Amino acid sequence: MILPEPRGPLSERLLLSLTRPPLEGEATLPRGVPAVADPLQDEDLQLSLFTCYQLHYSDLEGVDGTWEWNPALLALRAELEGELERALREAAPGHGRQGQEDTLPCEVPTRLTGMIRADGGPPLSAFMRRHATFGQYREFVKHRSLYHLREADPHTWAVPRVQGRAKAALIEIQADEYGQGQVERMHSELFRNTMRGLGLDTAYGAYLESVPAVTLALNNTMSLLGLHRRLRGALLGHLAAFEMTSTGPNRDLSLGLRRLGVAVQVRRYFDEHVEADAAHEQIAARDMCGSFAADHPDLVPDVLFGAAACLTLDRLWAEHVLGRWQEGKSSLSSADARTAAAT
């Protein structure tokens, strides 16, 4: 992935350091993370953390691969992660360790279902189905490309960290995500085909410069939960909420593209999720999270926190996108927003 442009002094120093050999670059790494009013909306913090995480997924152009496990960089990443985790726990009150001791392991599937039913996020998918323009669909896909072009990878970090029925259920879900070993059926490849059909660049990170902090926060949260074994319960809860809120919105997205006359092969990504995620809902809630909670009663609060974090961030992101569109503006950032607005 090409290194992005900085969005503030923190990312500016980080990106400058990464272009140097580690022994030289360590001297110019940021020392400490300044306090910010809202970490989930802070462009500089979220881009810095996204860049640190990207080293664990793929090469960064011009960056020495040994930076991935550099102790000084990991220390900086830990500070950034601390800000993100605190913000997530504050944004999803009542779903951290405090106040969840009364939830029994056997109640976890029902509790997850109740959380999703009670979620009052804005009707973004309904807007896409009935009103979104072709240009707004392109914007939507640009936002989602940061995750969907590597779909399932963050949650796969949990595979070696859980056991028994929870592991088997997780692998069943992930195997579908990876197309049961057939590259053309991998969900990341289906999404790439959708991008091609919409005339978009399919290179990973091509639209990193265009997306705002809240989109980066969505992706950073999955990496945070995936890369820390202590948060494996939260990662499973996040995946469960992700799967349990997928079927209806993907149906809406496909129908909206059909309204715009987009070919069926371009809509295949969304159609595939209507079918696959309907089955995944029960597997994720009962077999994966329910079994994990039964094996680890002390981690029930983490499962619920992960689900709440997923729902909270999806709501914040949808509020941003729909709010900007209702104002007649682009939901993207910088110069790309001006280009998108013209289409």
# chains A, B, ... in the order shown; residues from 1 in each chain; ligands from 1
>>> select_by_dssp(residues="region 9-159 of chain A", states="alpha helix (DSSP H)", output="ChimeraX atom specification")
/A:9-18,22-25,43-54,71-91,108-118,124-130,134-148,153-156
>>> closest_atom_pairs(of="region 23-116 of chain A", to="region 237-261 of chain A", cutoff="10 Å", atoms="only C-alpha atoms", output="tab-separated table")
residue	atom	partner	partner_atom	distance
A:Val108	CA	A:Gly237	CA	9.7
A:Pro109	CA	A:Ala240	CA	9.4
A:Leu112	CA	A:Ala241	CA	7.3
A:Thr113	CA	A:Met244	CA	8.0
A:Met115	CA	A:Ala241	CA	8.9
A:Ile116	CA	A:Ala241	CA	7.3
>>> atom_distance(atom1="CA of Asp119 (chain A)", atom2="CA of Phe305 (chain A)")
14.0 Å
>>> atom_distance(atom1="CA of His155 (chain A)", atom2="CA of Gly65 (chain A)")
22.8 Å
>>> residues_around(residues="Ala35 (chain A)", least_positions_apart="4", cutoff="10 Å", atoms="only C-alpha atoms", output="list of chain:residue names")
A:Pro39, A:Leu45, A:Glu83
>>> write_last_selection(atoms="C-alpha atoms", output="mmCIF file, in the first residue's frame")
data_model
loop_
_atom_site.group_PDB
_atom_site.id
_atom_site.type_symbol
_atom_site.label_atom_id
_atom_site.label_comp_id
_atom_site.auth_asym_id
_atom_site.auth_seq_id
_atom_site.Cartn_x
_atom_site.Cartn_y
_atom_site.Cartn_z
ATOM 1 C CA PRO A 39 -10.347 9.930 19.479
ATOM 2 C CA LEU A 45 -4.761 9.741 15.622
ATOM 3 C CA GLU A 83 -6.837 6.122 23.365
#
>>> residues_around(residues="region 213-218 of chain A", least_positions_apart="3", cutoff="6 Å", atoms="only C-alpha atoms", output="PyMOL selection string")
chain A and resi 40-43+46+221+317
>>> write_last_selection(atoms="N, CA and C atoms", output="compact mmCIF listing (two decimals), in the first residue's frame")
# COMPACT_ATOMS: atom_id res chain seq x y z
N LEU A 40 -12.30 8.97 18.38
CA LEU A 40 -12.99 8.28 17.28
C LEU A 40 -13.15 9.17 16.05
N GLN A 41 -13.04 10.48 16.25
CA GLN A 41 -13.21 11.43 15.13
C GLN A 41 -11.91 12.17 14.83
N ASP A 42 -10.82 11.80 15.46
CA ASP A 42 -9.56 12.53 15.29
C ASP A 42 -8.79 11.98 14.08
N GLU A 43 -8.64 12.79 13.06
CA GLU A 43 -8.01 12.35 11.81
C GLU A 43 -6.56 11.93 12.03
N GLN A 46 -6.33 8.55 14.18
CA GLN A 46 -6.83 7.36 13.48
C GLN A 46 -5.93 6.98 12.31
N THR A 221 -10.68 -0.57 14.92
CA THR A 221 -11.28 -1.33 16.02
C THR A 221 -11.16 -2.82 15.77
N TRP A 317 -20.73 5.98 11.98
CA TRP A 317 -20.35 6.08 10.56
C TRP A 317 -21.57 6.39 9.69
>>> closest_residue(among="A:Leu18, A:Ala118, A:Val36, A:Met222", to="Arg150 (chain A)", atoms="only C-alpha atoms")
A:Met222
>>> closest_residue(among="A:Leu124, A:Val274, A:Ala285, A:Leu304", to="Glu319 (chain A)", atoms="only C-alpha atoms")
A:Leu124
>>> residues_around(residues="Ala92 (chain A)", least_positions_apart="2", cutoff="12 Å", atoms="only C-alpha atoms", output="list of chain:residue names")
A:Glu85, A:Arg86, A:Ala87, A:Leu88, A:Arg89, A:Glu90, A:Gly94, A:His95, A:Gly96, A:Arg97, A:Gln98, A:Met115, A:Asp119, A:Asp302, A:Leu304, A:Phe305, A:Gly306, A:Ala307, A:Ala308, A:Ala309, A:Cys310, A:Leu311, A:Thr312, A:Leu313, A:Asp314, A:Arg315, A:Leu316
>>> write_last_selection(atoms="N, CA and C atoms", output="compact mmCIF listing (two decimals), in the first residue's frame")
# COMPACT_ATOMS: atom_id res chain seq x y z
N GLU A 85 -9.25 2.39 22.68
CA GLU A 85 -10.03 1.50 23.55
C GLU A 85 -10.82 2.28 24.59
N ARG A 86 -10.19 3.30 25.16
CA ARG A 86 -10.92 4.12 26.15
C ARG A 86 -12.12 4.81 25.50
N ALA A 87 -11.92 5.31 24.30
CA ALA A 87 -13.02 5.98 23.60
C ALA A 87 -14.15 5.01 23.28
N LEU A 88 -13.80 3.79 22.89
CA LEU A 88 -14.82 2.80 22.58
C LEU A 88 -15.62 2.44 23.82
N ARG A 89 -14.96 2.27 24.95
CA ARG A 89 -15.67 1.90 26.17
C ARG A 89 -16.55 3.05 26.66
N GLU A 90 -16.13 4.28 26.42
CA GLU A 90 -16.97 5.42 26.79
C GLU A 90 -18.15 5.57 25.84
N GLY A 94 -22.24 0.77 29.50
CA GLY A 94 -23.06 -0.36 29.94
C GLY A 94 -22.69 -1.67 29.29
N HIS A 95 -21.69 -1.65 28.40
CA HIS A 95 -21.30 -2.87 27.72
C HIS A 95 -19.82 -3.18 27.92
N GLY A 96 -19.23 -2.62 28.96
CA GLY A 96 -17.89 -3.00 29.34
C GLY A 96 -17.96 -3.98 30.48
N ARG A 97 -16.92 -4.08 31.25
CA ARG A 97 -16.93 -5.04 32.35
C ARG A 97 -17.85 -4.59 33.48
N GLN A 98 -18.00 -3.30 33.63
CA GLN A 98 -18.87 -2.82 34.69
C GLN A 98 -20.34 -3.04 34.32
N MET A 115 -29.64 -6.62 21.87
CA MET A 115 -28.85 -5.43 21.60
C MET A 115 -29.06 -4.94 20.17
N ASP A 119 -30.90 -1.42 18.75
CA ASP A 119 -30.02 -0.45 18.13
C ASP A 119 -30.82 0.51 17.26
N ASP A 302 -16.75 -9.04 27.87
CA ASP A 302 -15.97 -8.69 26.69
C ASP A 302 -16.75 -8.97 25.41
N LEU A 304 -19.97 -8.90 24.99
CA LEU A 304 -20.99 -7.87 24.85
C LEU A 304 -20.38 -6.52 24.49
N PHE A 305 -19.20 -6.24 25.04
CA PHE A 305 -18.51 -4.99 24.68
C PHE A 305 -18.16 -4.97 23.20
N GLY A 306 -17.65 -6.09 22.68
CA GLY A 306 -17.29 -6.14 21.27
C GLY A 306 -18.49 -5.90 20.37
N ALA A 307 -19.62 -6.50 20.72
CA ALA A 307 -20.84 -6.29 19.93
C ALA A 307 -21.28 -4.84 20.01
N ALA A 308 -21.23 -4.27 21.20
CA ALA A 308 -21.64 -2.87 21.38
C ALA A 308 -20.73 -1.93 20.62
N ALA A 309 -19.42 -2.22 20.61
CA ALA A 309 -18.48 -1.38 19.87
C ALA A 309 -18.79 -1.41 18.39
N CYS A 310 -19.10 -2.59 17.86
CA CYS A 310 -19.46 -2.71 16.44
C CYS A 310 -20.70 -1.88 16.13
N LEU A 311 -21.74 -2.03 16.93
CA LEU A 311 -22.99 -1.31 16.67
C LEU A 311 -22.80 0.20 16.81
N THR A 312 -22.02 0.61 17.81
CA THR A 312 -21.80 2.03 18.05
C THR A 312 -21.06 2.68 16.88
N LEU A 313 -19.99 2.03 16.42
CA LEU A 313 -19.22 2.59 15.33
C LEU A 313 -20.01 2.60 14.02
N ASP A 314 -20.78 1.54 13.78
CA ASP A 314 -21.63 1.54 12.59
C ASP A 314 -22.62 2.70 12.62
N ARG A 315 -23.16 2.97 13.80
CA ARG A 315 -24.12 4.07 13.92
C ARG A 315 -23.42 5.41 13.67
N LEU A 316 -22.24 5.61 14.27
CA LEU A 316 -21.52 6.87 14.08
C LEU A 316 -21.15 7.07 12.61
>>> residues_around(residues="Gly179 (chain A)", least_positions_apart="5", cutoff="10 Å", atoms="only C-alpha atoms", output="PyMOL selection string")
chain A and resi 174+184-190
>>> atom_distance(atom1="CA of Phe140 (chain A)", atom2="CA of Met128 (chain A)")
9.2 Å
>>> closest_residue(among="A:Glu275, A:Glu151, A:Glu139, A:Asp38", to="Arg192 (chain A)", atoms="only C-alpha atoms")
A:Glu151
>>> residues_around(residues="Ala75 (chain A)", least_positions_apart="4", cutoff="12 Å", atoms="only C-alpha atoms", output="list in words")
Glu26, Leu29, Pro30, Arg31, Gly32, Val33, Leu49, Cys52, Glu68, Trp69, Asn70, Pro71, Glu79, Leu80, Glu81 and Gly82 of chain A
>>> write_last_selection(atoms="all heavy atoms", output="compact mmCIF listing (two decimals), in the first residue's frame")
# COMPACT_ATOMS: atom_id res chain seq x y z
N GLU A 26 13.78 5.49 14.47
CA GLU A 26 13.33 5.48 15.87
C GLU A 26 13.54 6.82 16.53
O GLU A 26 12.75 7.25 17.38
CB GLU A 26 14.08 4.41 16.66
CG GLU A 26 13.63 2.99 16.39
CD GLU A 26 14.43 1.99 17.19
OE1 GLU A 26 15.10 2.39 18.16
OE2 GLU A 26 14.39 0.79 16.84
N LEU A 29 10.54 9.15 15.80
CA LEU A 29 9.17 8.74 16.11
C LEU A 29 8.54 9.69 17.12
O LEU A 29 9.25 10.23 17.99
CB LEU A 29 9.16 7.32 16.69
CG LEU A 29 9.20 6.14 15.74
CD1 LEU A 29 9.30 4.85 16.54
CD2 LEU A 29 7.96 6.12 14.85
N PRO A 30 7.26 9.90 17.05
CA PRO A 30 6.59 10.73 18.07
C PRO A 30 6.81 10.16 19.46
O PRO A 30 6.82 8.94 19.65
CB PRO A 30 5.11 10.65 17.67
CG PRO A 30 5.12 10.28 16.23
CD PRO A 30 6.32 9.42 16.02
N ARG A 31 6.98 11.05 20.40
CA ARG A 31 7.14 10.63 21.79
C ARG A 31 5.89 11.04 22.55
O ARG A 31 5.69 12.20 22.89
CB ARG A 31 8.38 11.29 22.43
CG ARG A 31 9.69 10.86 21.80
CD ARG A 31 10.03 9.40 22.14
NE ARG A 31 11.34 9.01 21.63
CZ ARG A 31 11.54 8.40 20.46
NH1 ARG A 31 10.50 8.14 19.70
NH2 ARG A 31 12.76 8.07 20.07
N GLY A 32 5.00 10.09 22.76
CA GLY A 32 3.76 10.39 23.46
C GLY A 32 2.67 10.80 22.49
O GLY A 32 2.94 11.34 21.42
N VAL A 33 1.45 10.54 22.90
CA VAL A 33 0.28 10.87 22.08
C VAL A 33 -0.48 12.00 22.77
O VAL A 33 -0.91 11.85 23.91
CB VAL A 33 -0.63 9.64 21.92
CG1 VAL A 33 -1.90 10.00 21.16
CG2 VAL A 33 0.12 8.51 21.23
N LEU A 49 -2.75 5.29 13.73
CA LEU A 49 -2.99 3.93 14.18
C LEU A 49 -3.22 3.00 12.98
O LEU A 49 -2.73 1.87 12.96
CB LEU A 49 -4.19 3.89 15.13
CG LEU A 49 -4.48 2.55 15.81
CD1 LEU A 49 -3.26 1.98 16.51
CD2 LEU A 49 -5.63 2.72 16.80
N CYS A 52 0.10 2.07 11.55
CA CYS A 52 0.79 1.07 12.39
C CYS A 52 0.21 -0.32 12.16
O CYS A 52 0.95 -1.30 12.01
CB CYS A 52 0.66 1.44 13.86
SG CYS A 52 1.59 2.90 14.39
N GLU A 68 7.63 -3.76 11.46
CA GLU A 68 6.42 -4.39 11.99
C GLU A 68 6.53 -4.70 13.48
O GLU A 68 5.57 -4.50 14.23
CB GLU A 68 6.11 -5.68 11.22
CG GLU A 68 4.86 -6.39 11.72
CD GLU A 68 4.56 -7.69 11.00
OE1 GLU A 68 5.38 -8.09 10.12
OE2 GLU A 68 3.54 -8.32 11.30
N TRP A 69 7.68 -5.22 13.90
CA TRP A 69 7.85 -5.60 15.31
C TRP A 69 8.88 -4.74 16.03
O TRP A 69 9.47 -5.15 17.02
CB TRP A 69 8.24 -7.08 15.42
CG TRP A 69 7.16 -7.98 14.89
CD1 TRP A 69 7.16 -8.69 13.73
CD2 TRP A 69 5.88 -8.22 15.49
NE1 TRP A 69 5.98 -9.36 13.57
CE2 TRP A 69 5.18 -9.10 14.63
CE3 TRP A 69 5.26 -7.78 16.67
CZ2 TRP A 69 3.88 -9.55 14.92
CZ3 TRP A 69 3.98 -8.23 16.94
CH2 TRP A 69 3.31 -9.10 16.07
N ASN A 70 9.08 -3.54 15.52
CA ASN A 70 10.03 -2.62 16.16
C ASN A 70 9.50 -2.19 17.52
O ASN A 70 8.37 -1.69 17.63
CB ASN A 70 10.23 -1.40 15.26
CG ASN A 70 11.18 -0.40 15.86
OD1 ASN A 70 10.75 0.49 16.59
ND2 ASN A 70 12.45 -0.54 15.57
N PRO A 71 10.26 -2.37 18.61
CA PRO A 71 9.76 -2.07 19.95
C PRO A 71 9.31 -0.62 20.13
O PRO A 71 8.30 -0.35 20.79
CB PRO A 71 10.95 -2.40 20.86
CG PRO A 71 11.74 -3.41 20.10
CD PRO A 71 11.59 -3.01 18.66
N GLU A 79 0.14 3.26 22.85
CA GLU A 79 -0.47 4.51 23.33
C GLU A 79 -1.69 4.88 22.49
O GLU A 79 -2.74 5.29 23.02
CB GLU A 79 0.55 5.64 23.30
CG GLU A 79 1.67 5.51 24.33
CD GLU A 79 2.51 6.77 24.39
OE1 GLU A 79 1.91 7.85 24.61
OE2 GLU A 79 3.73 6.69 24.20
N LEU A 80 -1.57 4.75 21.18
CA LEU A 80 -2.69 5.04 20.29
C LEU A 80 -3.86 4.09 20.57
O LEU A 80 -5.02 4.50 20.61
CB LEU A 80 -2.26 4.91 18.83
CG LEU A 80 -1.19 5.90 18.35
CD1 LEU A 80 -0.62 5.45 16.99
CD2 LEU A 80 -1.79 7.30 18.23
N GLU A 81 -3.53 2.82 20.78
CA GLU A 81 -4.57 1.83 21.08
C GLU A 81 -5.28 2.14 22.39
O GLU A 81 -6.49 1.95 22.51
CB GLU A 81 -3.96 0.44 21.17
CG GLU A 81 -3.52 -0.12 19.82
CD GLU A 81 -2.84 -1.46 19.95
OE1 GLU A 81 -2.07 -1.65 20.92
OE2 GLU A 81 -3.05 -2.32 19.09
N GLY A 82 -4.51 2.63 23.36
CA GLY A 82 -5.11 2.98 24.64
C GLY A 82 -6.16 4.07 24.48
O GLY A 82 -7.24 4.01 25.08
